[in-house]
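Novice: My structure is stored as input20.cif, with mmCIF, C-alpha atoms.
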data_input
#
loop_
_atom_site.label_atom_id
_atom_site.label_comp_id
_atom_site.auth_asym_id
_atom_site.auth_seq_id
_atom_site.Cartn_x
_atom_site.Cartn_y
_atom_site.Cartn_z
CA MET A 1 -22.15 3.85 2.20
CA LYS A 2 -22.20 4.60 5.92
CA GLN A 3 -20.54 7.99 6.11
CA VAL A 4 -16.92 7.43 7.07
CA GLU A 5 -15.14 10.72 6.93
CA LYS A 6 -12.19 11.13 4.61
CA PHE A 7 -9.05 12.82 5.88
CA GLU A 8 -8.42 16.46 5.03
CA ILE A 9 -5.37 16.53 2.75
CA ASN A 10 -4.85 20.17 1.93
CA ASN A 11 -1.27 20.31 0.73
CA GLU A 12 0.98 18.32 -1.61
CA TYR A 13 1.75 15.63 0.96
CA ALA A 14 -0.80 12.90 1.67
CA LEU A 15 1.18 11.39 4.52
CA THR A 16 4.07 12.54 6.68
CA VAL A 17 6.29 10.66 9.12
CA GLU A 18 8.22 12.69 11.68
CA ASN A 19 10.89 11.45 14.10
CA MET A 20 9.35 7.98 14.15
CA ASN A 21 10.91 5.13 16.08
CA LEU A 22 9.52 1.63 16.45
CA TRP A 23 10.43 -1.17 18.81
CA TYR A 24 9.43 -4.83 18.97
CA GLY A 25 10.10 -5.45 22.66
CA ASN A 26 13.73 -4.39 23.19
CA PHE A 27 14.62 -4.50 19.47
CA GLN A 28 14.50 -1.17 17.67
CA ALA A 29 13.31 -1.92 14.13
CA LEU A 30 12.97 1.68 12.89
CA LYS A 31 15.18 4.62 13.84
CA ASN A 32 14.25 8.28 13.50
CA ILE A 33 12.25 8.02 10.28
CA ASN A 34 11.33 11.30 8.55
CA MET A 35 9.43 11.03 5.24
CA ARG A 36 6.86 12.97 3.22
CA PHE A 37 4.74 11.11 0.67
CA LEU A 38 3.45 13.16 -2.25
CA LYS A 39 -0.29 13.12 -2.90
CA ASN A 40 -1.39 11.18 -6.01
CA LYS A 41 2.11 9.88 -6.63
CA LEU A 42 3.66 6.42 -6.28
CA THR A 43 6.48 6.10 -3.77
CA ALA A 44 8.64 2.96 -3.74
CA MET A 45 10.60 1.80 -0.70
CA ILE A 46 13.64 -0.31 -1.54
CA GLY A 47 16.41 -1.96 0.47
CA PRO A 48 17.67 -5.39 1.57
CA SER A 49 15.48 -7.85 3.48
CA GLY A 50 14.97 -7.02 7.13
CA CYS A 51 15.76 -3.32 6.80
CA GLY A 52 12.38 -2.08 8.06
CA LYS A 53 10.38 -1.38 4.88
CA SER A 54 7.48 -3.72 5.66
CA THR A 55 7.51 -2.68 9.31
CA LEU A 56 7.09 0.94 8.26
CA ILE A 57 4.34 0.32 5.72
CA LYS A 58 2.34 -1.67 8.28
CA SER A 59 2.65 1.25 10.68
CA LEU A 60 1.01 3.64 8.22
CA ASN A 61 -2.45 2.19 8.91
CA ARG A 62 -1.56 0.78 12.34
CA MET A 63 -1.47 -2.88 11.31
CA ASN A 64 1.44 -3.18 13.75
CA ASP A 65 -1.03 -2.58 16.59
CA LEU A 66 -1.73 -6.30 16.23
CA VAL A 67 1.89 -7.22 17.10
CA GLU A 68 2.49 -7.80 20.80
CA GLY A 69 5.21 -5.62 22.28
CA CYS A 70 5.19 -3.11 19.42
CA LYS A 71 5.84 0.48 20.51
CA VAL A 72 5.82 3.53 18.23
CA THR A 73 7.05 7.05 19.04
CA GLY A 74 7.03 10.14 16.85
CA THR A 75 4.26 11.34 14.58
CA ILE A 76 2.52 9.85 11.52
CA LYS A 77 -0.07 12.09 9.90
CA VAL A 78 -2.56 11.49 7.12
CA GLY A 79 -3.13 15.06 6.01
CA ASP A 80 -3.27 16.95 9.31
CA THR A 81 -4.51 14.00 11.40
CA ASP A 82 -2.09 12.22 13.74
CA ILE A 83 -3.08 8.57 13.33
CA TYR A 84 -1.41 7.48 16.59
CA GLU A 85 -3.48 9.82 18.76
CA LYS A 86 -5.68 7.87 21.19
CA LYS A 87 -8.82 9.38 19.68
CA CYS A 88 -7.94 8.19 16.16
CA ASP A 89 -10.85 6.27 14.63
CA LEU A 90 -9.32 3.00 13.38
CA PRO A 91 -12.19 2.04 11.03
CA ARG A 92 -11.89 5.48 9.44
CA LEU A 93 -8.11 5.05 9.15
CA ARG A 94 -8.28 1.58 7.60
CA LYS A 95 -11.00 2.59 5.15
CA ASN A 96 -8.96 5.54 3.91
CA VAL A 97 -5.55 3.85 4.07
CA GLY A 98 -5.98 0.47 2.37
CA MET A 99 -3.51 -2.42 2.29
CA VAL A 100 -2.50 -5.06 -0.26
CA PHE A 101 -0.17 -7.77 1.01
CA GLN A 102 2.72 -9.71 -0.50
CA ARG A 103 0.70 -12.85 -1.10
CA PRO A 104 -2.84 -12.70 -2.44
CA ASN A 105 -5.32 -13.27 0.39
CA PRO A 106 -8.79 -13.51 -1.15
CA LEU A 107 -11.59 -14.43 1.21
CA ALA A 108 -13.00 -17.96 0.88
CA MET A 109 -16.14 -16.72 -0.83
CA SER A 110 -17.28 -15.67 -4.29
CA VAL A 111 -15.54 -13.06 -6.42
CA TYR A 112 -18.58 -10.81 -5.96
CA ASP A 113 -18.65 -11.18 -2.18
CA ASN A 114 -14.92 -10.46 -1.89
CA ILE A 115 -15.50 -7.02 -3.39
CA ALA A 116 -18.86 -6.35 -1.69
CA TYR A 117 -17.55 -7.29 1.77
CA GLY A 118 -16.03 -3.88 2.59
CA PRO A 119 -18.95 -1.75 1.37
CA LYS A 120 -21.37 -4.01 3.28
CA THR A 121 -19.27 -3.49 6.42
CA PHE A 122 -19.78 0.25 6.00
CA GLY A 123 -23.53 -0.10 5.75
CA ILE A 124 -24.41 -0.57 2.07
CA LYS A 125 -27.38 -2.92 1.71
CA SER A 126 -28.71 -2.01 -1.75
CA LYS A 127 -28.06 -4.79 -4.30
CA SER A 128 -27.98 -2.32 -7.18
CA VAL A 129 -25.41 -0.12 -5.40
CA LEU A 130 -23.29 -3.15 -4.51
CA ASP A 131 -23.50 -4.38 -8.10
CA GLU A 132 -22.19 -1.03 -9.28
CA ILE A 133 -19.35 -0.98 -6.75
CA VAL A 134 -18.30 -4.53 -7.69
CA GLU A 135 -18.27 -3.72 -11.40
CA THR A 136 -16.47 -0.40 -10.94
CA SER A 137 -13.84 -1.92 -8.64
CA LEU A 138 -13.15 -4.86 -10.95
CA LYS A 139 -12.92 -2.56 -13.96
CA GLY A 140 -10.56 -0.35 -11.96
CA ALA A 141 -8.40 -3.42 -11.32
CA ALA A 142 -8.48 -4.26 -15.05
CA MET A 143 -10.13 -7.64 -14.56
CA TRP A 144 -13.87 -7.16 -15.14
CA ASP A 145 -13.77 -8.87 -18.53
CA GLU A 146 -11.91 -11.84 -17.03
CA VAL A 147 -14.36 -12.49 -14.19
CA LYS A 148 -17.74 -10.97 -15.13
CA ASP A 149 -19.09 -14.43 -16.01
CA ARG A 150 -17.82 -16.05 -12.81
CA LEU A 151 -18.76 -13.51 -10.15
CA ASN A 152 -20.57 -16.15 -8.11
CA LYS A 153 -17.71 -18.65 -8.23
CA SER A 154 -15.07 -18.97 -5.54
CA ALA A 155 -12.26 -16.41 -5.67
CA LEU A 156 -9.90 -19.21 -4.67
CA GLY A 157 -10.26 -20.63 -8.19
CA LEU A 158 -8.55 -17.60 -9.76
CA SER A 159 -4.90 -17.61 -10.78
CA GLY A 160 -2.33 -15.98 -8.47
CA GLY A 161 -2.16 -12.84 -10.58
CA GLN A 162 -5.95 -12.59 -10.75
CA GLN A 163 -6.21 -13.12 -6.99
CA GLN A 164 -3.80 -10.25 -6.37
CA ARG A 165 -5.73 -7.91 -8.68
CA LEU A 166 -8.91 -9.04 -6.89
CA CYS A 167 -7.31 -8.01 -3.60
CA ILE A 168 -6.51 -4.61 -5.13
CA ALA A 169 -10.12 -4.33 -6.35
CA ARG A 170 -11.30 -5.26 -2.84
CA ALA A 171 -9.15 -2.48 -1.37
CA MET A 172 -10.50 -0.02 -3.97
CA SER A 173 -14.14 -0.88 -3.24
CA VAL A 174 -14.21 1.42 -0.18
CA GLU A 175 -12.50 4.27 -2.07
CA PRO A 176 -9.31 4.72 -0.02
CA GLN A 177 -7.25 7.90 -0.22
CA ILE A 178 -3.97 6.00 0.19
CA LEU A 179 -3.12 2.44 -0.90
CA LEU A 180 -0.26 0.59 0.80
CA MET A 181 1.26 -2.31 -1.15
CA ASP A 182 3.76 -4.66 0.52
CA GLU A 183 5.67 -6.37 -2.33
CA PRO A 184 2.45 -6.99 -4.28
CA THR A 185 4.16 -8.70 -7.23
CA SER A 186 6.87 -10.78 -5.52
CA ALA A 187 4.85 -14.00 -5.86
CA LEU A 188 3.74 -13.36 -9.45
CA ASP A 189 4.97 -14.22 -12.94
CA PRO A 190 6.27 -11.44 -15.27
CA ILE A 191 2.99 -11.07 -17.19
CA SER A 192 0.92 -10.70 -14.01
CA THR A 193 3.56 -8.35 -12.62
CA GLY A 194 3.25 -6.18 -15.71
CA LYS A 195 -0.53 -5.98 -15.28
CA ILE A 196 -0.18 -4.92 -11.64
CA GLU A 197 2.38 -2.27 -12.61
CA GLU A 198 0.04 -0.87 -15.28
CA LEU A 199 -2.72 -0.86 -12.70
CA CYS A 200 -0.56 1.05 -10.22
CA MET A 201 0.09 3.74 -12.82
CA GLU A 202 -3.68 4.16 -13.18
CA LEU A 203 -4.39 4.07 -9.44
CA LYS A 204 -2.22 7.06 -8.64
CA LYS A 205 -4.54 9.27 -10.70
CA THR A 206 -7.08 8.98 -7.89
CA MET A 207 -5.08 7.92 -4.81
CA THR A 208 -1.63 7.98 -3.26
CA VAL A 209 0.26 4.68 -3.64
CA ILE A 210 3.09 3.55 -1.34
CA MET A 211 4.84 0.32 -2.36
CA VAL A 212 7.52 -1.86 -0.81
CA THR A 213 9.49 -3.67 -3.50
CA HIS A 214 12.68 -5.73 -3.76
CA ASN A 215 12.61 -5.23 -7.52
CA MET A 216 14.70 -2.16 -8.30
CA GLN A 217 13.73 -2.28 -11.98
CA GLN A 218 10.11 -2.10 -10.87
CA ALA A 219 10.79 0.95 -8.70
CA PHE A 220 12.60 2.61 -11.60
CA ARG A 221 9.73 1.85 -14.01
CA ILE A 222 6.76 3.05 -12.00
CA ALA A 223 7.75 5.11 -8.93
CA ASP A 224 7.73 8.90 -8.81
CA GLN A 225 9.73 8.89 -5.59
CA THR A 226 12.01 6.22 -4.14
CA ALA A 227 13.29 5.81 -0.57
CA TYR A 228 16.23 3.55 0.34
CA PHE A 229 16.24 1.77 3.70
CA LEU A 230 19.13 0.09 5.51
CA LEU A 231 19.22 -1.45 9.00
CA GLY A 232 16.09 0.32 10.20
CA GLU A 233 17.09 3.73 8.84
CA MET A 234 15.72 5.65 5.87
CA VAL A 235 19.01 6.54 4.19
CA GLU A 236 17.61 8.89 1.54
CA MET A 237 14.45 9.72 -0.35
CA ASP A 238 14.18 11.66 -3.60
CA ASP A 239 12.76 11.62 -7.11
CA THR A 240 13.28 8.14 -8.52
CA SER A 241 15.48 9.43 -11.35
CA VAL A 242 17.78 11.10 -8.81
CA ILE A 243 18.00 8.03 -6.55
CA PHE A 244 18.95 5.80 -9.49
CA THR A 245 21.38 8.15 -11.24
CA HIS A 246 22.77 10.61 -8.67
CA PRO A 247 22.13 9.33 -5.13
CA SER A 248 23.58 11.55 -2.43
CA ASP A 249 24.63 8.71 -0.09
CA LYS A 250 27.31 6.17 -1.01
CA ARG A 251 25.30 3.38 0.67
CA THR A 252 22.44 3.99 -1.76
CA ASP A 253 24.84 4.02 -4.70
CA ASP A 254 26.39 0.74 -3.56
CA TYR A 255 22.96 -0.91 -3.29
CA ILE A 256 21.65 0.42 -6.60
CA ASN A 257 24.77 -0.76 -8.40
CA GLY A 258 24.84 -4.22 -6.83
CA ARG A 259 27.85 -3.74 -4.58
CA PHE A 260 25.72 -4.51 -1.53
CA GLY A 261 22.54 -6.43 -0.74
#
Go ahead and render the structure in this file as structure tokens.
Specialist:
Amino acid sequence: MKQVEKFEINNEYALTVENMNLWYGNFQALKNINMRFLKNKLTAMIGPSGCGKSTLIKSLNRMNDLVEGCKVTGTIKVGDTDIYEKKCDLPRLRKNVGMVFQRPNPLAMSVYDNIAYGPKTFGIKSKSVLDEIVETSLKGAAMWDEVKDRLNKSALGLSGGQQQRLCIARAMSVEPQILLMDEPTSALDPISTGKIEELCMELKKTMTVIMVTHNMQQAFRIADQTAYFLLGEMVEMDDTSVIFTHPSDKRTDDYINGRFG
């Protein structure tokens, strides 16, 4: 694979956000966000719709650069690297900080080519190496046995749950250090959701996972840390067990216990 440098992550935090504010034009969508994401752990971000969770997660690999009028202040670091510095290498950032979206978005090509697309972009030409990456990625996404006999068929023929796991496999194919997931199970049935949750528990052995979810039971089941957002603010962030049993802010307690949102 064309050598794309990984980020140096030398302490317990894979990613830090300091004094971050974000505007869309004149509207301030995020206000003074300070967060530290533990390396090789899964962090869930919960809160009502429109509170800034998806805006934040898209800022962590600069997907919001694509939104006209978006302005970010403050500091976001992967390891010790400030990703909003002008000299930041975006291909390097997006290789090492992957993204899985709310709705499955497989490319209109074969299962095999969906997975091989990223590695090819980074310079891999060898068929045997690509074959190995495809198999390893699909096994990592717990779907090799389901698709190994249909690798050359269109990915659009897969079920919704399979398409989402394919998208996770596609993200894994370039070996990211951090995987961002924006409500990855909201469009899926309970069985597919369970498979994705099991997969997330495996993924954090080798990468840091940051997930936006509206499903509080999901956050409680699989997250090591949970952060609660409200009206563009990060209200509190702690171990998931603390957030769900002894939150320090009444607004979090009200949300967790269904009195709000």
Novice: Considering all atoms listed in the file, tabulate each residue of stretch 154-240 of chain A that lies at most 7 Å from stretch 93-108 of chain A along with its nearest interatomic pair and the corresponding distance in Å to one decimal; arrange the rows by chain and ascending residue number and present them as a tab-separated table.
Specialist:
residue	atom	partner	partner_atom	distance
A:Ser154	CA	A:Ala108	CA	6.8
A:Ala155	CA	A:Pro106	CA	6.4
A:Leu156	CA	A:Ala108	CA	6.5
A:Gly160	CA	A:Pro104	CA	6.9
A:Gln163	CA	A:Pro104	CA	5.7
A:Gln164	CA	A:Pro104	CA	4.7
A:Cys167	CA	A:Pro106	CA	6.2
A:Ile168	CA	A:Val100	CA	6.3
A:Ala171	CA	A:Gly98	CA	5.7
A:Val174	CA	A:Lys95	CA	6.3
A:Pro176	CA	A:Asn96	CA	4.0
A:Gln177	CA	A:Asn96	CA	5.1
A:Ile178	CA	A:Val97	CA	4.7
A:Leu179	CA	A:Gly98	CA	4.8
A:Leu180	CA	A:Met99	CA	4.7
A:Met181	CA	A:Val100	CA	4.7
A:Asp182	CA	A:Phe101	CA	5.0
A:Glu183	CA	A:Gln102	CA	4.8
A:Pro184	CA	A:Gln102	CA	4.7
A:Thr185	CA	A:Gln102	CA	7.0
A:Ser186	CA	A:Gln102	CA	6.6
A:Ala187	CA	A:Arg103	CA	6.4
Novice: I want to know what sits within 6 Å of A:Cys70, based on all atoms listed in the file, with residues of the same chain fewer than 2 positions away left out; could you give that as a list of chain:residue names?
Specialist: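 So the residues in contact are A:Trp23, A:Tyr24, A:Val67, A:Glu68.
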Novice: Using the chain letters and numbers from the file, which residues does the PyMOL selection byres ((chain A and resi 36) around 10) grab, as a list of chain:residue names?
Specialist: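 Those residues are A:Glu12, A:Tyr13, A:Ala14, A:Leu15, A:Thr16, A:Val17, A:Glu18, A:Asn34, A:Met35, A:Phe37, A:Leu38, A:Lys39, A:Thr43, A:Ile76, A:Lys77, A:Met237.
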Novice: Do you have the atom CA of A:Ser137-atom CA of A:Lys6 distance handy?
Specialist: 18.7 Å
Novice: The centre and edge lengths of an axis-aligned box containing all atoms of stretch 176-183 of chain A present in the file, extended by 8 Å on each side, are to be given in Å to one decimal, as AutoDock Vina command-line options.
Specialist:
--center_x -1.8 --center_y 0.8 --center_z -0.8 --size_x 31.0 --size_y 30.3 --size_z 19.1
Novice: Could you tell me, as number ranges by chain, exactly which residues end up selected when the PyMOL selection byres ((chain A and resi 254-258) around 12) is applied to this structure?
Specialist: A: 46-48, 214-217, 219-220, 226-230, 235, 240-253, 259-261
Novice: Take the residues that were just selected and, keeping C-alpha atoms, output them as a short mmCIF file (atom, residue, chain, number, x, y, z; two decimals), in the frame of the given file.
Specialist:
data_model
loop_
_atom_site.label_atom_id
_atom_site.label_comp_id
_atom_site.auth_asym_id
_atom_site.auth_seq_id
_atom_site.Cartn_x
_atom_site.Cartn_y
_atom_site.Cartn_z
CA ILE A 46 13.64 -0.31 -1.54
CA GLY A 47 16.41 -1.96 0.47
CA PRO A 48 17.67 -5.39 1.57
CA HIS A 214 12.68 -5.73 -3.76
CA ASN A 215 12.61 -5.23 -7.52
CA MET A 216 14.70 -2.16 -8.30
CA GLN A 217 13.73 -2.28 -11.98
CA ALA A 219 10.79 0.95 -8.70
CA PHE A 220 12.60 2.61 -11.60
CA THR A 226 12.01 6.22 -4.14
CA ALA A 227 13.29 5.81 -0.57
CA TYR A 228 16.23 3.55 0.34
CA PHE A 229 16.24 1.77 3.70
CA LEU A 230 19.13 0.09 5.51
CA VAL A 235 19.01 6.54 4.19
CA THR A 240 13.28 8.14 -8.52
CA SER A 241 15.48 9.43 -11.35
CA VAL A 242 17.78 11.10 -8.81
CA ILE A 243 18.00 8.03 -6.55
CA PHE A 244 18.95 5.80 -9.49
CA THR A 245 21.38 8.15 -11.24
CA HIS A 246 22.77 10.61 -8.67
CA PRO A 247 22.13 9.33 -5.13
CA SER A 248 23.58 11.55 -2.43
CA ASP A 249 24.63 8.71 -0.09
CA LYS A 250 27.31 6.17 -1.01
CA ARG A 251 25.30 3.38 0.67
CA THR A 252 22.44 3.99 -1.76
CA ASP A 253 24.84 4.02 -4.70
CA ARG A 259 27.85 -3.74 -4.58
CA PHE A 260 25.72 -4.51 -1.53
CA GLY A 261 22.54 -6.43 -0.74
#
Novice: Figure out the distance between atom CA of A:Ile33 and atom CA of A:Asp238, please, to one decimal in Å.
Specialist: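 Atom-to-atom, atom CA of A:Asp238 and atom CA of A:Ile33 are spaced 14.5 Å apart.
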Novice: From the options A:Glu233, A:Asp145, A:Glu175, A:Glu202, which residue's atoms come nearest to A:Leu30, counting only C-alpha atoms?
Specialist: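 Once distances to A:Leu30 are computed over only C-alpha atoms, the minimum belongs to A:Glu233.
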Novice: Just checking: using all atoms listed in the file, which residue out of A:Lys71, A:Met207, A:Gln225, A:Arg170 ends up closest to A:Lys120?
Specialist: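 Selected residue with least distance to A:Lys120: A:Arg170.
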Novice: What gap, in Å, lies between atom CA of A:Leu151 and atom CA of A:Tyr112?
Specialist: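 Distance reported for this atom pair: 5.0 Å.
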Novice: At a cut-off of 12 Å around the point (-9.9, -6.1, -18.3) (file coordinates), what residues fall inside when counting only C-alpha atoms? I'd like the answer as a list of chain:residue names.
Specialist: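 Result, sorted by chain then residue number: A:Glu135, A:Thr136, A:Ser137, A:Leu138, A:Lys139, A:Gly140, A:Ala141, A:Ala142, A:Met143, A:Trp144, A:Asp145, A:Glu146, A:Val147, A:Lys148, A:Gln162, A:Arg165, A:Leu166, A:Lys195, A:Ile196, A:Glu198, A:Leu199.
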Novice: Have a look at A:Asn40, A:Ser54, A:Thr121, A:Ser173 and name the one nearest to A:Thr208; count all atoms listed in the file.
Specialist: A:Asn40
Novice: Check which residues satisfy the PyMOL selection byres ((chain A and resi 83) around 12) in the file shown, then give them as a compact mmCIF listing (two decimals) with C-alpha atoms, in the frame of the given file.
Specialist:
# COMPACT_ATOMS: atom_id res chain seq x y z
CA PHE A 7 -9.05 12.82 5.88
CA LEU A 15 1.18 11.39 4.52
CA THR A 16 4.07 12.54 6.68
CA VAL A 17 6.29 10.66 9.12
CA SER A 59 2.65 1.25 10.68
CA LEU A 60 1.01 3.64 8.22
CA ASN A 61 -2.45 2.19 8.91
CA ARG A 62 -1.56 0.78 12.34
CA MET A 63 -1.47 -2.88 11.31
CA ASP A 65 -1.03 -2.58 16.59
CA VAL A 72 5.82 3.53 18.23
CA THR A 73 7.05 7.05 19.04
CA GLY A 74 7.03 10.14 16.85
CA THR A 75 4.26 11.34 14.58
CA ILE A 76 2.52 9.85 11.52
CA LYS A 77 -0.07 12.09 9.90
CA VAL A 78 -2.56 11.49 7.12
CA GLY A 79 -3.13 15.06 6.01
CA ASP A 80 -3.27 16.95 9.31
CA THR A 81 -4.51 14.00 11.40
CA ASP A 82 -2.09 12.22 13.74
CA TYR A 84 -1.41 7.48 16.59
CA GLU A 85 -3.48 9.82 18.76
CA LYS A 86 -5.68 7.87 21.19
CA LYS A 87 -8.82 9.38 19.68
CA CYS A 88 -7.94 8.19 16.16
CA ASP A 89 -10.85 6.27 14.63
CA LEU A 90 -9.32 3.00 13.38
CA PRO A 91 -12.19 2.04 11.03
CA ARG A 92 -11.89 5.48 9.44
CA LEU A 93 -8.11 5.05 9.15
CA ARG A 94 -8.28 1.58 7.60
CA ASN A 96 -8.96 5.54 3.91
CA VAL A 97 -5.55 3.85 4.07
Novice: Which of these, A:Ser49, A:Thr55, A:Thr213, A:Ser126, has the shortest distance to A:Asn21 once you count all atoms listed in the file?
Specialist: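 Using all atoms listed in the file, A:Asn21 sits closest to A:Thr55.
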Novice: Where atoms are absent from stretch 151-178 of chain A, fill them in so it carries N, CA and C atoms, then output it as an mmCIF file, in the coordinates of the input.
Specialist:
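Here's the written file result20.cif:
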data_model
loop_
_atom_site.group_PDB
_atom_site.id
_atom_site.type_symbol
_atom_site.label_atom_id
_atom_site.label_comp_id
_atom_site.auth_asym_id
_atom_site.auth_seq_id
_atom_site.Cartn_x
_atom_site.Cartn_y
_atom_site.Cartn_z
ATOM 1 N N LEU A 151 -18.681 -14.296 -11.372
ATOM 2 C CA LEU A 151 -18.760 -13.510 -10.150
ATOM 3 C C LEU A 151 -19.228 -14.326 -8.955
ATOM 4 N N ASN A 152 -20.030 -15.356 -9.214
ATOM 5 C CA ASN A 152 -20.570 -16.150 -8.110
ATOM 6 C C ASN A 152 -19.750 -17.398 -7.818
ATOM 7 N N LYS A 153 -18.606 -17.519 -8.487
ATOM 8 C CA LYS A 153 -17.710 -18.650 -8.230
ATOM 9 C C LYS A 153 -16.633 -18.242 -7.220
ATOM 10 N N SER A 154 -16.048 -19.236 -6.594
ATOM 11 C CA SER A 154 -15.070 -18.970 -5.540
ATOM 12 C C SER A 154 -13.858 -18.189 -6.078
ATOM 13 N N ALA A 155 -13.452 -17.185 -5.316
ATOM 14 C CA ALA A 155 -12.260 -16.410 -5.670
ATOM 15 C C ALA A 155 -10.999 -17.262 -5.580
ATOM 16 N N LEU A 156 -11.079 -18.356 -4.828
ATOM 17 C CA LEU A 156 -9.900 -19.210 -4.670
ATOM 18 C C LEU A 156 -9.570 -19.971 -5.949
ATOM 19 N N GLY A 157 -10.511 -19.969 -6.914
ATOM 20 C CA GLY A 157 -10.260 -20.630 -8.190
ATOM 21 C C GLY A 157 -9.530 -19.758 -9.202
ATOM 22 N N LEU A 158 -9.272 -18.495 -8.851
ATOM 23 C CA LEU A 158 -8.550 -17.600 -9.760
ATOM 24 C C LEU A 158 -7.054 -17.882 -9.723
ATOM 25 N N SER A 159 -6.361 -17.469 -10.765
ATOM 26 C CA SER A 159 -4.900 -17.610 -10.780
ATOM 27 C C SER A 159 -4.290 -16.652 -9.754
ATOM 28 N N GLY A 160 -3.000 -16.838 -9.460
ATOM 29 C CA GLY A 160 -2.330 -15.980 -8.470
ATOM 30 C C GLY A 160 -2.382 -14.513 -8.853
ATOM 31 N N GLY A 161 -2.132 -14.230 -10.122
ATOM 32 C CA GLY A 161 -2.160 -12.840 -10.580
ATOM 33 C C GLY A 161 -3.557 -12.254 -10.496
ATOM 34 N N GLN A 162 -4.558 -13.061 -10.845
ATOM 35 C CA GLN A 162 -5.950 -12.590 -10.750
ATOM 36 C C GLN A 162 -6.335 -12.370 -9.282
ATOM 37 N N GLN A 163 -5.895 -13.273 -8.411
ATOM 38 C CA GLN A 163 -6.210 -13.120 -6.990
ATOM 39 C C GLN A 163 -5.620 -11.815 -6.443
ATOM 40 N N GLN A 164 -4.412 -11.482 -6.875
ATOM 41 C CA GLN A 164 -3.800 -10.250 -6.370
ATOM 42 C C GLN A 164 -4.540 -9.023 -6.887
ATOM 43 N N ARG A 165 -4.958 -9.042 -8.155
ATOM 44 C CA ARG A 165 -5.730 -7.910 -8.680
ATOM 45 C C ARG A 165 -7.101 -7.848 -8.006
ATOM 46 N N LEU A 166 -7.657 -9.020 -7.649
ATOM 47 C CA LEU A 166 -8.910 -9.040 -6.890
ATOM 48 C C LEU A 166 -8.720 -8.360 -5.540
ATOM 49 N N CYS A 167 -7.591 -8.623 -4.906
ATOM 50 C CA CYS A 167 -7.310 -8.010 -3.600
ATOM 51 C C CYS A 167 -7.167 -6.486 -3.751
ATOM 52 N N ILE A 168 -6.596 -6.044 -4.862
ATOM 53 C CA ILE A 168 -6.510 -4.610 -5.130
ATOM 54 C C ILE A 168 -7.910 -4.039 -5.346
ATOM 55 N N ALA A 169 -8.732 -4.759 -6.126
ATOM 56 C CA ALA A 169 -10.120 -4.330 -6.350
ATOM 57 C C ALA A 169 -10.876 -4.267 -5.023
ATOM 58 N N ARG A 170 -10.636 -5.239 -4.150
ATOM 59 C CA ARG A 170 -11.300 -5.260 -2.840
ATOM 60 C C ARG A 170 -10.903 -4.026 -2.024
ATOM 61 N N ALA A 171 -9.611 -3.677 -2.074
ATOM 62 C CA ALA A 171 -9.150 -2.480 -1.370
ATOM 63 C C ALA A 171 -9.787 -1.223 -1.961
ATOM 64 N N MET A 172 -9.943 -1.194 -3.289
ATOM 65 C CA MET A 172 -10.500 -0.020 -3.970
ATOM 66 C C MET A 172 -11.985 0.147 -3.730
ATOM 67 N N SER A 173 -12.668 -0.907 -3.336
ATOM 68 C CA SER A 173 -14.140 -0.880 -3.240
ATOM 69 C C SER A 173 -14.644 0.100 -2.193
ATOM 70 N N VAL A 174 -13.797 0.456 -1.216
ATOM 71 C CA VAL A 174 -14.210 1.420 -0.180
ATOM 72 C C VAL A 174 -13.574 2.797 -0.428
ATOM 73 N N GLU A 175 -13.016 2.980 -1.612
ATOM 74 C CA GLU A 175 -12.500 4.270 -2.070
ATOM 75 C C GLU A 175 -11.464 4.864 -1.114
ATOM 76 N N PRO A 176 -10.333 4.183 -0.913
ATOM 77 C CA PRO A 176 -9.310 4.720 -0.020
ATOM 78 C C PRO A 176 -8.626 5.952 -0.621
ATOM 79 N N GLN A 177 -8.046 6.765 0.248
ATOM 80 C CA GLN A 177 -7.250 7.900 -0.220
ATOM 81 C C GLN A 177 -5.799 7.483 -0.470
ATOM 82 N N ILE A 178 -5.350 6.481 0.283
ATOM 83 C CA ILE A 178 -3.970 6.000 0.190
ATOM 84 C C ILE A 178 -4.025 4.472 0.101
#
